[in-house]
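Trainee: Following this line is target_28.csv, made up of CSV, C-alpha atoms:
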chain,number,residue,atom,x,y,z
A,1,MET,CA,32.0,-22.4,-7.5
A,2,GLU,CA,30.3,-25.5,-9.0
A,3,ARG,CA,26.8,-26.5,-8.1
A,4,ALA,CA,28.0,-29.7,-6.6
A,5,ASP,CA,30.4,-27.8,-4.3
A,6,ILE,CA,27.5,-25.5,-3.2
A,7,ALA,CA,25.5,-28.6,-2.4
A,8,ILE,CA,28.3,-29.8,-0.1
A,9,GLU,CA,28.5,-26.5,1.7
A,10,ILE,CA,24.8,-26.3,2.2
A,11,GLY,CA,24.9,-29.9,3.5
A,12,LYS,CA,27.3,-28.7,6.1
A,13,ILE,CA,25.1,-25.8,7.0
A,14,LEU,CA,22.1,-28.1,7.4
A,15,HIS,CA,24.1,-30.4,9.5
A,16,SER,CA,25.0,-27.5,11.8
A,17,VAL,CA,21.3,-26.6,12.1
A,18,PHE,CA,19.7,-30.1,12.5
A,19,LYS,CA,22.7,-31.8,14.1
A,20,LYS,CA,22.5,-34.7,11.7
A,21,ASP,CA,23.4,-35.4,8.1
A,22,ILE,CA,20.8,-34.4,5.5
A,23,GLU,CA,21.1,-36.0,2.1
A,24,ILE,CA,21.1,-33.2,-0.4
A,25,HIS,CA,19.2,-33.7,-3.7
A,26,ASP,CA,17.3,-31.5,-6.0
A,27,ASN,CA,13.8,-32.7,-4.8
A,28,LEU,CA,14.6,-32.2,-1.1
A,29,SER,CA,12.0,-29.8,0.5
A,30,ALA,CA,11.4,-28.5,3.9
A,31,LYS,CA,8.6,-30.9,4.4
A,32,ASP,CA,11.1,-33.8,4.1
A,33,VAL,CA,13.1,-32.7,7.1
A,34,GLU,CA,11.7,-33.0,10.6
A,35,GLY,CA,12.2,-29.6,12.3
A,36,TRP,CA,12.5,-27.6,9.1
A,37,ASP,CA,9.8,-25.1,10.1
A,38,SER,CA,9.4,-21.4,9.2
A,39,LEU,CA,11.7,-20.2,12.0
A,40,THR,CA,14.4,-22.8,11.1
A,41,HIS,CA,14.0,-21.8,7.5
A,42,MET,CA,14.9,-18.2,8.4
A,43,VAL,CA,18.0,-19.4,10.2
A,44,ILE,CA,19.1,-21.6,7.3
A,45,ILE,CA,18.6,-18.8,4.8
A,46,THR,CA,20.6,-16.3,7.0
A,47,LYS,CA,23.4,-18.9,7.4
A,48,ILE,CA,23.5,-19.5,3.6
A,49,GLU,CA,23.6,-15.8,2.9
A,50,ASP,CA,26.5,-15.3,5.4
A,51,HIS,CA,28.4,-18.4,4.2
A,52,PHE,CA,28.3,-17.4,0.5
A,53,SER,CA,28.4,-13.7,1.1
A,54,VAL,CA,25.2,-13.2,-0.9
A,55,LYS,CA,21.9,-11.5,-0.2
A,56,PHE,CA,18.7,-13.0,-1.6
A,57,LYS,CA,15.8,-11.0,-3.0
A,58,LEU,CA,12.5,-11.5,-1.3
A,59,ARG,CA,10.8,-12.6,-4.5
A,60,ASP,CA,13.5,-15.2,-5.1
A,61,LEU,CA,13.1,-16.6,-1.6
A,62,ASN,CA,9.3,-16.9,-2.2
A,63,LYS,CA,9.9,-19.0,-5.3
A,64,LEU,CA,12.0,-21.6,-3.5
A,65,ASN,CA,10.2,-24.9,-3.6
A,66,ASN,CA,13.0,-27.3,-3.1
A,67,MET,CA,16.8,-27.8,-2.8
A,68,GLY,CA,17.3,-27.7,-6.6
A,69,ASN,CA,15.8,-24.1,-6.6
A,70,LEU,CA,18.0,-23.1,-3.7
A,71,LEU,CA,21.2,-24.5,-5.4
A,72,ASP,CA,20.3,-22.7,-8.6
A,73,LEU,CA,19.7,-19.5,-6.7
A,74,VAL,CA,22.9,-19.6,-4.8
A,75,LYS,CA,24.9,-20.4,-7.9
A,76,ALA,CA,23.3,-17.5,-9.8
A,77,LYS,CA,24.1,-15.1,-6.9
A,78,ILE,CA,27.7,-16.3,-6.7
A,79,ASP,CA,28.0,-16.0,-10.5
A,80,GLY,CA,26.5,-12.5,-10.3
A,81,ILE,CA,23.6,-13.4,-12.5
U,1,MET,CA,-28.1,7.3,11.0
U,2,SER,CA,-27.5,5.3,7.8
U,3,PHE,CA,-24.2,5.1,6.0
U,4,ASP,CA,-23.3,4.3,2.4
U,5,ILE,CA,-20.6,1.6,3.0
U,6,GLN,CA,-18.5,0.5,0.2
U,7,TYR,CA,-16.4,-2.7,0.1
U,8,ARG,CA,-13.3,-3.0,-2.1
U,9,PRO,CA,-10.0,-4.9,-2.3
U,10,ALA,CA,-7.2,-3.2,-0.4
U,11,THR,CA,-4.4,-1.6,-2.3
U,12,VAL,CA,-0.8,-0.7,-1.3
U,13,ASP,CA,-2.1,2.9,-0.6
U,14,ASP,CA,-4.0,1.3,2.4
U,15,SER,CA,-0.9,0.1,4.0
U,16,GLU,CA,-1.0,2.5,7.0
U,17,PHE,CA,-4.6,1.6,7.7
U,18,LEU,CA,-3.9,-2.1,7.3
U,19,CYS,CA,-1.0,-1.7,9.7
U,20,ASP,CA,-3.5,-0.3,12.3
U,21,VAL,CA,-5.8,-3.2,11.6
U,22,ILE,CA,-3.0,-5.8,12.1
U,23,ILE,CA,-1.8,-4.2,15.3
U,24,ALA,CA,-5.4,-3.9,16.7
U,25,ALA,CA,-6.2,-7.5,15.8
U,26,GLU,CA,-2.8,-8.9,17.1
U,27,MET,CA,-3.2,-7.1,20.4
U,28,GLY,CA,-6.8,-8.1,20.9
U,29,MET,CA,-7.8,-7.3,24.4
U,30,SER,CA,-4.2,-7.2,25.7
U,31,ASP,CA,-1.4,-4.6,25.6
U,32,LYS,CA,1.1,-7.0,24.0
U,33,LEU,CA,2.1,-6.7,20.4
U,34,SER,CA,4.2,-9.7,19.4
U,35,TYR,CA,6.2,-7.7,16.9
U,36,CYS,CA,7.4,-5.5,19.8
U,37,THR,CA,7.9,-8.1,22.4
U,38,LEU,CA,9.5,-10.9,20.3
U,39,PHE,CA,11.8,-8.6,18.2
U,40,SER,CA,12.4,-6.0,20.9
U,41,LEU,CA,10.9,-3.2,18.8
U,42,SER,CA,9.2,0.0,19.9
U,43,LEU,CA,5.6,0.4,18.6
U,44,ASP,CA,6.9,2.9,16.1
U,45,GLU,CA,9.5,0.5,14.8
U,46,ALA,CA,7.0,-2.3,14.6
U,47,ARG,CA,4.6,0.0,12.6
U,48,LYS,CA,7.4,0.8,10.2
U,49,ALA,CA,8.3,-2.9,9.8
U,50,ILE,CA,4.7,-4.0,9.2
U,51,ILE,CA,4.1,-1.2,6.7
U,52,SER,CA,7.3,-2.1,4.9
U,53,MET,CA,6.3,-5.8,4.8
U,54,LEU,CA,2.9,-4.9,3.4
U,55,GLN,CA,4.5,-2.7,0.7
U,56,GLU,CA,6.5,-5.6,-0.6
U,57,GLU,CA,3.1,-6.8,-2.0
U,58,ILE,CA,3.8,-10.5,-1.5
U,59,ASP,CA,0.6,-12.4,-2.1
U,60,GLY,CA,-0.8,-15.3,-0.1
U,61,CYS,CA,-0.3,-14.6,3.6
U,62,GLU,CA,-1.6,-12.4,6.5
U,63,LEU,CA,0.9,-9.6,5.6
U,64,SER,CA,-0.3,-9.4,2.0
U,65,VAL,CA,-2.2,-6.3,0.9
U,66,SER,CA,-4.0,-8.4,-1.6
U,67,SER,CA,-5.5,-10.6,1.3
U,68,PHE,CA,-7.5,-7.6,2.6
U,69,THR,CA,-10.9,-6.3,1.9
U,70,ILE,CA,-11.6,-2.7,3.0
U,71,ALA,CA,-14.9,-1.2,4.2
U,72,GLU,CA,-15.1,2.5,3.6
U,73,ILE,CA,-17.4,5.5,3.9
U,74,ASP,CA,-16.9,8.5,1.7
U,75,GLY,CA,-13.4,7.2,0.8
U,76,GLN,CA,-12.4,6.7,4.4
U,77,ALA,CA,-11.4,3.2,5.5
U,78,ILE,CA,-13.4,2.2,8.6
U,79,GLY,CA,-12.7,-1.5,8.7
U,80,ALA,CA,-10.9,-4.4,7.1
U,81,LEU,CA,-10.6,-8.2,7.1
U,82,GLY,CA,-7.9,-10.4,5.7
U,83,GLY,CA,-8.4,-13.7,3.9
U,84,TRP,CA,-6.5,-15.9,1.4
U,85,VAL,CA,-6.4,-19.4,0.1
U,86,GLU,CA,-3.6,-21.3,1.7
U,87,GLY,CA,-0.9,-22.4,-0.8
U,88,TYR,CA,-2.7,-20.7,-3.7
U,89,TYR,CA,0.4,-18.9,-5.0
U,90,GLU,CA,2.9,-21.5,-6.3
U,91,GLY,CA,2.1,-23.8,-3.4
U,92,GLN,CA,4.0,-21.7,-0.9
U,93,SER,CA,2.6,-21.8,2.7
U,94,SER,CA,1.7,-18.5,4.2
U,95,GLN,CA,3.9,-19.4,7.2
U,96,MET,CA,7.0,-19.6,4.9
U,97,LEU,CA,6.0,-16.4,3.0
U,98,LYS,CA,5.5,-14.5,6.3
U,99,SER,CA,8.9,-15.9,7.6
U,100,ASN,CA,10.6,-14.7,4.4
U,101,LEU,CA,9.0,-11.3,4.8
U,102,ILE,CA,10.1,-11.0,8.5
U,103,GLY,CA,13.6,-12.3,7.9
U,104,TYR,CA,14.1,-10.0,4.9
U,105,THR,CA,12.6,-6.9,6.6
U,106,LEU,CA,14.0,-7.2,10.1
U,107,GLY,CA,17.2,-9.0,9.4
U,108,LYS,CA,19.5,-11.4,11.2
U,109,SER,CA,19.3,-9.8,14.6
U,110,ALA,CA,15.5,-10.2,14.6
U,111,ILE,CA,15.8,-13.9,13.8
U,112,GLU,CA,18.3,-14.4,16.6
U,113,LYS,CA,15.9,-12.7,19.0
U,114,LEU,CA,13.1,-14.9,17.7
U,115,GLN,CA,15.1,-18.1,18.2
U,116,VAL,CA,15.2,-17.4,22.0
U,117,HIS,CA,11.4,-18.0,22.0
U,118,ALA,CA,11.5,-20.8,19.4
U,119,GLN,CA,10.1,-23.5,21.7
U,120,MET,CA,7.3,-21.3,23.0
U,121,LEU,CA,6.3,-20.3,19.4
U,122,LYS,CA,6.5,-23.9,18.1
U,123,GLU,CA,4.2,-25.2,20.8
U,124,PHE,CA,1.6,-22.6,19.8
U,125,TYR,CA,1.8,-23.3,16.1
U,126,ILE,CA,-1.3,-24.6,14.3
U,127,PRO,CA,-0.6,-25.5,10.7
U,128,ARG,CA,-2.9,-24.0,8.1
U,129,GLU,CA,-4.5,-26.5,5.8
U,130,SER,CA,-3.4,-26.1,2.1
U,131,GLY,CA,-6.3,-25.2,-0.2
U,132,CYS,CA,-8.5,-23.9,2.6
U,133,ALA,CA,-9.6,-20.3,3.0
U,134,GLN,CA,-7.8,-18.6,5.9
U,135,ILE,CA,-9.5,-15.7,7.8
U,136,GLU,CA,-7.2,-13.3,9.7
U,137,TYR,CA,-7.2,-9.8,11.2
U,138,LEU,CA,-10.6,-8.4,11.5
U,139,PHE,CA,-11.0,-4.8,12.6
U,140,VAL,CA,-13.8,-2.2,12.4
U,141,LYS,CA,-13.5,1.2,14.0
U,142,PRO,CA,-15.4,1.1,17.3
U,143,GLU,CA,-17.8,3.8,16.3
U,144,TYR,CA,-19.0,1.6,13.4
U,145,THR,CA,-19.3,-1.7,15.1
U,146,GLY,CA,-22.7,-3.4,15.3
U,147,ARG,CA,-23.8,-2.3,11.8
U,148,ARG,CA,-23.2,-5.7,10.2
U,149,ILE,CA,-20.0,-4.4,8.6
U,150,GLU,CA,-18.1,-7.3,10.1
U,151,MET,CA,-20.6,-9.9,8.6
U,152,GLU,CA,-20.4,-8.2,5.2
U,153,LEU,CA,-16.6,-8.2,5.3
U,154,MET,CA,-16.7,-11.9,6.2
U,155,GLN,CA,-19.0,-12.5,3.2
U,156,GLN,CA,-16.9,-10.5,0.9
U,157,VAL,CA,-13.7,-12.3,1.9
U,158,GLU,CA,-15.3,-15.7,1.6
U,159,ASP,CA,-16.7,-14.9,-1.8
U,160,ARG,CA,-13.3,-13.7,-3.0
U,161,CYS,CA,-11.7,-16.9,-1.9
U,162,LYS,CA,-14.4,-18.9,-3.6
U,163,ARG,CA,-13.8,-16.9,-6.8
U,164,LEU,CA,-10.1,-17.9,-6.6
U,165,VAL,CA,-10.9,-21.5,-5.9
U,166,PRO,CA,-14.5,-22.5,-6.8
U,167,GLU,CA,-14.1,-25.9,-5.3
U,168,LEU,CA,-13.1,-24.5,-1.9
U,169,THR,CA,-14.3,-26.8,0.8
U,170,LYS,CA,-13.3,-25.3,4.1
U,171,GLY,CA,-12.5,-22.0,5.9
U,172,GLN,CA,-10.2,-21.7,8.9
U,173,ALA,CA,-9.4,-19.0,11.4
U,174,GLN,CA,-6.9,-18.9,14.2
U,175,LEU,CA,-7.7,-16.7,17.2
U,176,PHE,CA,-6.7,-16.2,20.8
U,177,ARG,CA,-9.3,-17.6,23.2
U,178,ASN,CA,-9.9,-14.2,24.7
U,179,SER,CA,-11.0,-12.7,21.3
U,180,ILE,CA,-14.6,-13.3,22.4
U,181,TRP,CA,-16.1,-10.8,20.1
U,182,SER,CA,-14.4,-12.3,17.0
U,183,ILE,CA,-15.2,-15.9,18.1
U,184,LYS,CA,-18.9,-15.0,18.5
U,185,LEU,CA,-18.9,-13.4,15.1
U,186,LEU,CA,-17.3,-16.4,13.4
U,187,MET,CA,-19.8,-18.7,15.1
U,188,LYS,CA,-22.7,-16.5,13.7
U,189,PHE,CA,-21.0,-17.0,10.3
U,190,GLY,CA,-21.0,-20.8,10.7
U,191,TYR,CA,-17.5,-21.4,12.2
U,192,SER,CA,-17.0,-23.7,15.2
U,193,ILE,CA,-14.0,-24.3,17.4
U,194,THR,CA,-12.3,-27.5,16.4
U,195,ARG,CA,-9.0,-27.3,18.2
U,196,SER,CA,-7.3,-25.4,21.0
U,197,ILE,CA,-3.8,-25.1,22.3
U,198,LYS,CA,-2.9,-23.8,25.7
U,199,SER,CA,0.7,-22.7,26.2
U,200,THR,CA,2.7,-24.5,28.9
U,201,PHE,CA,5.1,-21.5,29.1
U,202,PRO,CA,4.1,-19.5,32.2
U,203,ASP,CA,5.5,-16.2,30.8
U,204,VAL,CA,3.8,-16.5,27.3
U,205,THR,CA,1.6,-13.5,28.0
U,206,ASN,CA,4.7,-11.4,28.4
U,207,TYR,CA,5.1,-11.8,24.6
U,208,ILE,CA,1.8,-12.6,23.0
U,209,ALA,CA,-1.8,-11.5,23.6
U,210,HIS,CA,-3.1,-14.7,25.4
U,211,ASN,CA,-2.0,-18.1,26.5
U,212,GLU,CA,-4.6,-20.1,24.5
U,213,LYS,CA,-5.2,-20.2,20.8
U,214,VAL,CA,-8.2,-21.8,19.0
U,215,LEU,CA,-8.7,-23.1,15.5
U,216,MET,CA,-12.2,-22.4,14.1
U,217,GLU,CA,-13.4,-24.1,10.9
U,218,LYS,CA,-16.4,-24.0,8.6
U,219,ASN,CA,-17.3,-26.5,5.9
U,220,PHE,CA,-18.5,-24.9,2.7
U,221,ILE,CA,-20.1,-28.1,1.3
Have the structure of the file written as structure tokens, please.
Mentor:
Amino acid sequence: MERADIAIEIGKILHSVFKKDIEIHDNLSAKDVEGWDSLTHMVIITKIEDHFSVKFKLRDLNKLNNMGNLLDLVKAKIDGI
Amino acid sequence: MSFDIQYRPATVDDSEFLCDVIIAAEMGMSDKLSYCTLFSLSLDEARKAIISMLQEEIDGCELSVSSFTIAEIDGQAIGALGGWVEGYYEGQSSQMLKSNLIGYTLGKSAIEKLQVHAQMLKEFYIPRESGCAQIEYLFVKPEYTGRRIEMELMQQVEDRCKRLVPELTKGQAQLFRNSIWSIKLLMKFGYSITRSIKSTFPDVTNYIAHNEKVLMEKNFI
């Protein structure tokens, strides 16, 4: 799956959580989205894991600073890197 | 009777004692442990989960072994205090690190259980200021209290935070209002209450130790 396609799918997941469209770009961070708190973050991560059938490592999760990091991580997981 | 008390950074080998510290501090003067009530865990399951999270050795939050300083006598831990500099590790907030730990350790069902109480928890949330020292989870075995161990632990943790960030300007601590002993101790150490939040949820004390939380702060300059 291409990175751009992953971004589209994550956009759909964010829409299901926040009930509104969130513009996906590499610099997007939790601080930019009202309501993206720690509990919501857990929900988003779980939904992404379920959707892409991947399981993140804790240390990978703790390095996520923005959407770009998340897209790279999902792509690497899907590609089996 | 005098004791030769040593102070040292905690290691992962202290995880079981640190778990006791966290449980005692979380429960305060109540019989409610949020790990049990919010995630529907038995005390034994909660203990295993807390130890497991500590053993992940993630730095920068209240479930980090590296946040704790241990007081010990003859190699036996008798007390501990946690403290870290918020956002010190790659800018990650302790709240996010703790959430990742909980989600990773307890899994999807736990997150679903937590969501039931989302509004109650959000109302009670006080953000931690990035770049400030955060003090959390103080415990000294009852037979050793009143020997200035608590004050020395406070000093040790504050000094460690200042070694990490020499330009540190502020310390913060979040406590339940009924933690009278800890509040008095922090006041003796120069902290004062700067904010309080009282829950509007009548059943909040079914899940957490008290219905009011306070933020205490100390300016270092």
Trainee: Using only C-alpha atoms, I'd like every residue of chain A that has an atom within 12 Å of chain U; please write them out as a ChimeraX atom specification.
Mentor: /A:29-31,35-50,55-66
Trainee: Give me the residues near region 50-54 of chain U as a ChimeraX atom specification, where near means some atom within 7 Å (using all atoms listed in the file) and where sequence neighbours in that chain fewer than 5 positions away do not count.
Mentor: /U:15-16,19,63-65,101,105
Trainee: Pick out the residues sitting within 9 Å of Met1 (chain A), and hand them over as number ranges by chain; count only C-alpha atoms, and ignore anything fewer than 4 positions along from it in its own chain.
Mentor: A: 5-6, 75, 78-79
Trainee: So that I can check the surroundings of region 7-14 of chain A, please list as a list in words every protein, DNA and RNA residue that reaches within 7 Å of it, counting all atoms listed in the file and ignoring chain neighbours fewer than 6 positions away.
Mentor: Ile22, Ile24 and Leu71 of chain A
Trainee: If you count all atoms listed in the file, which residues fall within 7 Å of Met67 (chain A), apart from same-chain ones fewer than 5 positions away, as a CSV table (one decimal) with C-alpha atoms, keeping the file's coordinate frame?
Mentor:
chain,number,residue,atom,x,y,z
A,25,HIS,CA,19.2,-33.7,-3.7
A,26,ASP,CA,17.3,-31.5,-6.0
A,27,ASN,CA,13.8,-32.7,-4.8
A,28,LEU,CA,14.6,-32.2,-1.1
A,29,SER,CA,12.0,-29.8,0.5
Trainee: Name all residues at most 12 Å from region 154-160 of chain U (count all atoms listed in the file; drop same-chain ones fewer than 2 positions away) and give them as a PyMOL selection string.
Mentor: chain U and resi 6-10+66-71+79-85+132-140+148-152+162-173+182+185-191+218-220
Trainee: Which distance in Å separates CA of Ile221 (chain U) and CA of Tyr88 (chain U), to one decimal?
Mentor: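 Interatomic distance here is 19.6 Å.
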Trainee: Rounded to one decimal place, report the CA of Ser199 (chain U)-CA of Trp181 (chain U) distance in Å.
Mentor: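 Straight-line distance from CA of Ser199 (chain U) to CA of Trp181 (chain U) works out to 21.5 Å.
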Trainee: Just to confirm, what's the straight-line distance from CA of Phe17 (chain U) to CA of Ser42 (chain U) in Å (one decimal)?
Mentor: 18.5 Å
Trainee: So which one's closest to Leu38 (chain U), U:Ala24, U:Ile180, U:Leu106, U:Ile208? Using all atoms listed in the file, please.
Mentor: U:Ile208
